[in-house]
Amino acid sequence: MLDIFLGCLLIAAAIFNLIAAIGLLRLPDVYTRMHAASKAGTFGSGLMLVTIAIHAGEINIASRALAGVAFFLLTAPISAHLLARAAYVAGIEPWSGTVRDDLKGHYKDKQGHLSSDEE
Amino acid sequence: MNKIFLINVLLAFTWCAVQGSFTFINLIFGFFISSAALWLIREQFGTSKYFNRTWLILGLIVLFLKELFMSVLRVAWLVLKPGQSYKPSFISFPLTVDAPHEITLLANLITLTPGTLSVDVSDDNKTLYIHCIDVDDVEALRKDIAEGFERKILEALR
Amino acid sequence: MTPQEFFELSIYISFGLTIIAFLFTILRLILGTTLADRILSLDMLVTLGIGFIAIFTLHTGFYAYLDMAIALGLVGFLATVAFARLLMHRGETNDTPAGDKLEDIEDGDGSQEVKTSGGTN
């Protein structure tokens with residue numbers, strides 16, 4: 001019973017990883033692709049580590065796997081934020097279908113200093 | 001608040017010392033027993049705030065996991081649906097939280113929730129810029145974040 | 001089919017799906033169009049590599065591979081941070097040889113021109 005559940009969990013995780021890769025290929029610009037990579041990708045690989053944690057059934061292995069999950073959940077948003085910011089400062093144009101752009105003109109220089117709305 | 005947590009950990013170690021086994025499971029068990037002991041004296045020594053806050057933080061974690069799952073499903077649908085009819089946009093979000101660690105937490109939570117990704121915080125810590133993958137009503141989204149995560153963070157950390 | 005056999009089969013299926021995901025990501029790495037896309041695909045390759053190691057750990061039952069996955073995650077995160085900095089400061093570093101910098105500071109007027117390099121966090 002547990003094996004069937006874990007097998008389904010593993011396949012679901014692999015499907016999420018595949019969706020992240022398809023999103024990387026299909027979505028129109030780097031900012032939207034970032035959504036696919038940072039959410040579906042992290043979730044897929046995290047779910048695989050959770051599968052290991054349940055499958056092992058030993059506390060030392062489970063704690064290591066769950067520490068890995070916590071670590072990925074902490075670092076994935078940070079790398080996505082850094083990459084999005086760097087891409088915007090470097091002047092990579094958003095997709096032509098972008099509806100509104102509040103960031104436009106708010107970067108004061110190429111060092112990434114950013115002014116707020118109220119100024 | 002941190003002092004009570006330290007007392008809790010200290011009591012857990014005391015439990016392990018009395019039991020004579022410092023295994024991980026025994027430490028966890030001791031932690032629960034000592035927190036039960038602290039809960040018993042909540043009215044005399046005023047530890048009830050500690051428990052309230054623990055519940056709020058646990059609630060924040062549960063909310064976060066739920067939102068993460070929803071966001072993955074939403075991204076999956078956006079990726080797999082035919083045609084390229086997304087409405088991505090960069091929007092600004094006026095921050096109520098001002099401490100650096102609260103802003104970090106809010107930005108990380110926003111990145112892993114449905115259709116939003118935090119791009120940058122302005123130099124004066126007043127505006128958070130978010131990239132949304134598919135948004136119709138900007139005001140509704142701002143309201144969602146302000147009344148969802150931001151309020152919960154304020155409740156849990158202050 | 002016994003549960004044990006189903007689990008074995010699911011491991012092979014997820015191996016296959018992850019390999020397809022690898023191929024798609026490498027296709028994006030080749031197509032690129034911008035440097036940011038390529039950095040993003042490298043980041044995604046690291047994430048998929050972690051998943052692949054996780055499945056391999058289940059396949060062999062040898063849990064020491066788990067440490068490898070965590071270490072790969074650490075290194076991959078640092079690599080993405082470094083690449084993001086590269087993207088931001090590409091071709092406009094203000095690093096001048098030590099001798100030139102000293103002259104600029106002594107100059108008085110020239111010191112106004114020198115911008116702080118790497119002043120971002």
# chains A, B, ... in the order shown; residues from 1 in each chain; ligands from 1
call {"tool": "select_by_dssp", "arguments": {"residues": "chain B", "states": "alpha helix (DSSP H)", "output": "JSON, numbers by chain"}}
result
{"B": [2, 3, 4, 5, 6, 7, 8, 9, 10, 11, 12, 13, 14, 15, 16, 17, 18, 19, 24, 25, 26, 27, 28, 29, 30, 31, 32, 33, 34, 35, 36, 37, 38, 39, 40, 42, 43, 44, 45, 48, 49, 50, 51, 52, 53, 54, 55, 56, 57, 58, 59, 60, 61, 62, 63, 64, 65, 66, 67, 68, 69, 70, 71, 72, 73, 74, 75, 76, 77, 78, 79, 80, 100, 101, 102, 103, 104, 105, 106, 107, 108, 109, 110, 111, 138, 139, 140, 141, 142, 143, 144, 145, 151, 152, 153, 154, 155, 156, 157]}
call {"tool": "write_last_selection", "arguments": {"atoms": "C-alpha atoms", "output": "short mmCIF file (atom, residue, chain, number, x, y, z; two decimals), in the first residue's frame"}}
result
data_model
loop_
_atom_site.label_atom_id
_atom_site.label_comp_id
_atom_site.auth_asym_id
_atom_site.auth_seq_id
_atom_site.Cartn_x
_atom_site.Cartn_y
_atom_site.Cartn_z
CA ASN B 2 12.92 33.44 22.82
CA LYS B 3 13.64 32.94 26.51
CA ILE B 4 10.64 30.64 26.87
CA PHE B 5 11.75 28.69 23.82
CA LEU B 6 15.21 28.27 25.38
CA ILE B 7 13.63 27.08 28.63
CA ASN B 8 11.60 24.63 26.56
CA VAL B 9 14.75 23.24 24.89
CA LEU B 10 16.58 23.15 28.21
CA LEU B 11 13.73 21.13 29.75
CA ALA B 12 13.89 18.76 26.78
CA PHE B 13 17.60 18.19 27.43
CA THR B 14 16.83 17.68 31.11
CA TRP B 15 14.32 15.01 30.10
CA CYS B 16 17.01 13.30 28.00
CA ALA B 17 19.53 13.48 30.85
CA VAL B 18 17.09 11.93 33.30
CA GLN B 19 16.21 9.24 30.77
CA PHE B 24 16.77 12.35 18.39
CA ILE B 25 13.33 10.86 18.99
CA ASN B 26 13.73 11.12 22.76
CA LEU B 27 14.73 14.77 22.39
CA ILE B 28 11.59 15.49 20.35
CA PHE B 29 9.48 13.62 22.89
CA GLY B 30 11.08 15.62 25.72
CA PHE B 31 10.39 18.82 23.83
CA PHE B 32 6.69 17.98 23.63
CA ILE B 33 6.53 17.00 27.31
CA SER B 34 8.25 20.20 28.40
CA SER B 35 6.00 22.33 26.22
CA ALA B 36 3.03 20.60 27.83
CA ALA B 37 4.50 21.52 31.22
CA LEU B 38 4.89 25.15 30.11
CA TRP B 39 1.31 25.09 28.87
CA LEU B 40 0.10 23.96 32.30
CA ARG B 42 0.41 29.49 31.31
CA GLU B 43 -1.80 31.50 33.67
CA GLN B 44 0.70 31.83 36.51
CA PHE B 45 3.76 32.68 34.41
CA SER B 48 0.18 31.72 26.76
CA LYS B 49 1.54 34.32 24.30
CA TYR B 50 4.30 31.86 23.43
CA PHE B 51 1.73 29.23 22.50
CA ASN B 52 -0.40 31.69 20.54
CA ARG B 53 2.62 32.65 18.52
CA THR B 54 3.59 29.02 17.94
CA TRP B 55 0.11 28.37 16.55
CA LEU B 56 0.34 31.44 14.31
CA ILE B 57 3.71 30.36 12.92
CA LEU B 58 2.41 26.83 12.32
CA GLY B 59 -0.62 28.35 10.58
CA LEU B 60 1.70 30.41 8.38
CA ILE B 61 3.63 27.27 7.39
CA VAL B 62 0.41 25.38 6.56
CA LEU B 63 -0.91 28.33 4.54
CA PHE B 64 2.39 28.51 2.70
CA LEU B 65 2.37 24.80 1.77
CA LYS B 66 -1.22 25.08 0.57
CA GLU B 67 -0.47 28.15 -1.55
CA LEU B 68 2.64 26.50 -2.96
CA PHE B 69 0.60 23.54 -4.13
CA MET B 70 -2.06 25.81 -5.66
CA SER B 71 0.62 27.84 -7.43
CA VAL B 72 2.21 24.74 -8.92
CA LEU B 73 -1.17 23.60 -10.27
CA ARG B 74 -1.82 27.06 -11.71
CA VAL B 75 1.58 27.24 -13.41
CA ALA B 76 1.02 23.72 -14.76
CA TRP B 77 -2.30 24.80 -16.28
CA LEU B 78 -0.78 27.96 -17.79
CA VAL B 79 2.03 25.93 -19.33
CA LEU B 80 -0.14 23.17 -20.72
CA PRO B 100 14.30 43.62 6.82
CA HIS B 101 13.59 40.07 8.00
CA GLU B 102 9.83 40.56 7.54
CA ILE B 103 10.31 41.90 4.02
CA THR B 104 12.56 38.93 3.20
CA LEU B 105 9.95 36.50 4.48
CA LEU B 106 7.15 38.24 2.58
CA ALA B 107 9.16 38.35 -0.66
CA ASN B 108 10.03 34.65 -0.39
CA LEU B 109 6.42 33.72 0.33
CA ILE B 110 5.21 35.80 -2.62
CA THR B 111 7.65 34.10 -4.98
CA VAL B 138 -4.27 44.37 -10.01
CA GLU B 139 -6.09 45.94 -7.05
CA ALA B 140 -7.62 42.60 -6.06
CA LEU B 141 -4.19 40.97 -6.11
CA ARG B 142 -2.69 43.74 -3.93
CA LYS B 143 -5.56 43.30 -1.51
CA ASP B 144 -5.06 39.50 -1.46
CA ILE B 145 -1.40 39.84 -0.50
CA ARG B 151 -1.31 40.35 7.90
CA LYS B 152 -0.31 36.82 8.94
CA ILE B 153 3.37 37.79 9.06
CA LEU B 154 2.55 40.82 11.21
CA GLU B 155 0.49 38.65 13.55
CA ALA B 156 3.09 35.92 13.84
CA LEU B 157 6.23 38.00 14.20
#
call {"tool": "residues_around", "arguments": {"residues": "Ala87 of chain A", "least_positions_apart": "6", "cutoff": "8 Å", "atoms": "only C-alpha atoms", "output": "list of chain:residue names"}}
result
C:Ala36, C:Ala84, C:Leu87, C:Met88
call {"tool": "interface_residues", "arguments": {"of": "chain C", "to": "chain A", "cutoff": "7 Å", "atoms": "only C-alpha atoms", "output": "PyMOL selection string"}}
result
chain C and resi 3-4+6-7+10+13-14+17-18+21+24-25+28+36-37+44+47-48+50-51+54+58+70+77+80-81+84-85+87-88+120
call {"tool": "write_last_selection", "arguments": {"atoms": "N, CA and C atoms", "output": "compact mmCIF listing (two decimals), in the first residue's frame"}}
result
# COMPACT_ATOMS: atom_id res chain seq x y z
N PRO C 3 2.71 -4.49 -5.15
CA PRO C 3 3.11 -3.11 -4.86
C PRO C 3 4.59 -2.88 -5.09
N GLN C 4 5.40 -3.86 -4.76
CA GLN C 4 6.85 -3.73 -4.94
C GLN C 4 7.19 -3.53 -6.42
N PHE C 6 5.16 -2.36 -8.71
CA PHE C 6 4.67 -1.06 -9.14
C PHE C 6 5.67 0.04 -8.79
N PHE C 7 6.26 -0.07 -7.61
CA PHE C 7 7.23 0.94 -7.19
C PHE C 7 8.45 0.93 -8.11
N SER C 10 7.44 2.56 -11.30
CA SER C 10 7.29 4.01 -11.18
C SER C 10 8.67 4.68 -11.18
N ILE C 13 9.59 4.91 -14.81
CA ILE C 13 8.79 5.95 -15.49
C ILE C 13 9.34 7.33 -15.15
N SER C 14 9.64 7.56 -13.85
CA SER C 14 10.11 8.90 -13.49
C SER C 14 11.51 9.16 -14.04
N LEU C 17 10.69 10.36 -17.58
CA LEU C 17 10.13 11.72 -17.61
C LEU C 17 11.22 12.75 -17.32
N THR C 18 12.10 12.43 -16.33
CA THR C 18 13.15 13.39 -15.98
C THR C 18 14.12 13.56 -17.14
N ALA C 21 12.64 15.86 -19.56
CA ALA C 21 12.74 17.22 -19.03
C ALA C 21 14.15 17.77 -19.25
N PHE C 24 14.45 18.92 -22.88
CA PHE C 24 13.78 20.20 -23.12
C PHE C 24 14.62 21.35 -22.58
N THR C 25 15.16 21.16 -21.37
CA THR C 25 15.94 22.23 -20.76
C THR C 25 17.20 22.52 -21.57
N ARG C 28 16.36 24.60 -24.54
CA ARG C 28 16.24 26.02 -24.20
C ARG C 28 17.63 26.63 -24.01
N ALA C 36 20.05 35.61 -19.93
CA ALA C 36 19.23 35.27 -18.76
C ALA C 36 18.52 33.94 -18.96
N ASP C 37 18.04 33.68 -20.20
CA ASP C 37 17.39 32.40 -20.47
C ASP C 37 18.36 31.24 -20.24
N MET C 44 17.80 25.36 -13.88
CA MET C 44 16.82 24.28 -14.01
C MET C 44 17.53 22.93 -14.13
N THR C 47 18.32 21.80 -10.72
CA THR C 47 17.12 21.28 -10.05
C THR C 47 16.78 19.88 -10.53
N LEU C 48 16.84 19.69 -11.87
CA LEU C 48 16.54 18.37 -12.42
C LEU C 48 17.58 17.35 -11.98
N ILE C 50 19.14 17.31 -9.15
CA ILE C 50 18.78 16.91 -7.78
C ILE C 50 17.68 15.85 -7.82
N GLY C 51 16.66 16.10 -8.67
CA GLY C 51 15.58 15.12 -8.80
C GLY C 51 16.08 13.79 -9.30
N ALA C 54 17.79 11.98 -6.66
CA ALA C 54 16.81 11.47 -5.70
C ALA C 54 16.21 10.15 -6.20
N LEU C 58 16.58 6.17 -4.68
CA LEU C 58 15.52 5.19 -4.45
C LEU C 58 15.80 3.91 -5.24
N ILE C 70 22.09 17.25 -1.90
CA ILE C 70 22.07 18.48 -1.11
C ILE C 70 23.27 19.36 -1.46
N PHE C 77 22.99 26.83 -6.26
CA PHE C 77 22.48 28.13 -5.80
C PHE C 77 23.57 29.19 -5.91
N THR C 80 24.12 30.19 -9.49
CA THR C 80 23.09 31.09 -10.01
C THR C 80 23.31 32.51 -9.52
N VAL C 81 23.67 32.64 -8.23
CA VAL C 81 23.94 33.98 -7.68
C VAL C 81 25.09 34.63 -8.43
N ALA C 84 24.01 35.66 -11.90
CA ALA C 84 23.14 36.84 -11.88
C ALA C 84 23.98 38.10 -11.73
N ARG C 85 25.02 38.03 -10.91
CA ARG C 85 25.91 39.18 -10.77
C ARG C 85 26.63 39.48 -12.07
N LEU C 87 25.54 38.84 -15.05
CA LEU C 87 24.57 39.42 -15.99
C LEU C 87 24.39 40.90 -15.71
N MET C 88 24.38 41.25 -14.43
CA MET C 88 24.11 42.63 -14.05
C MET C 88 25.30 43.54 -14.35
N THR C 120 26.31 47.01 -5.03
CA THR C 120 25.00 46.41 -4.77
C THR C 120 25.13 45.22 -3.85
call {"tool": "closest_residue", "arguments": {"among": "C:Leu45, C:Ala69, C:Ala82, C:Ile11", "to": "Leu27 of chain C", "atoms": "only C-alpha atoms"}}
result
C:Leu45
call {"tool": "interface_residues", "arguments": {"of": "chain B", "to": "chain A", "cutoff": "6 Å", "atoms": "only C-alpha atoms", "output": "list in words"}}
result
Val72, Val79, Lys87, Pro88, Ser89, Phe90, Ile91, Ser92, Asn108, Thr111, Val119, Ser122, Asp123, Thr127 and Ile133 of chain B
call {"tool": "atom_distance", "arguments": {"atom1": "atom CA of Leu31 of chain C", "atom2": "atom CA of Ser85 of chain B"}}
result
22.2 Å
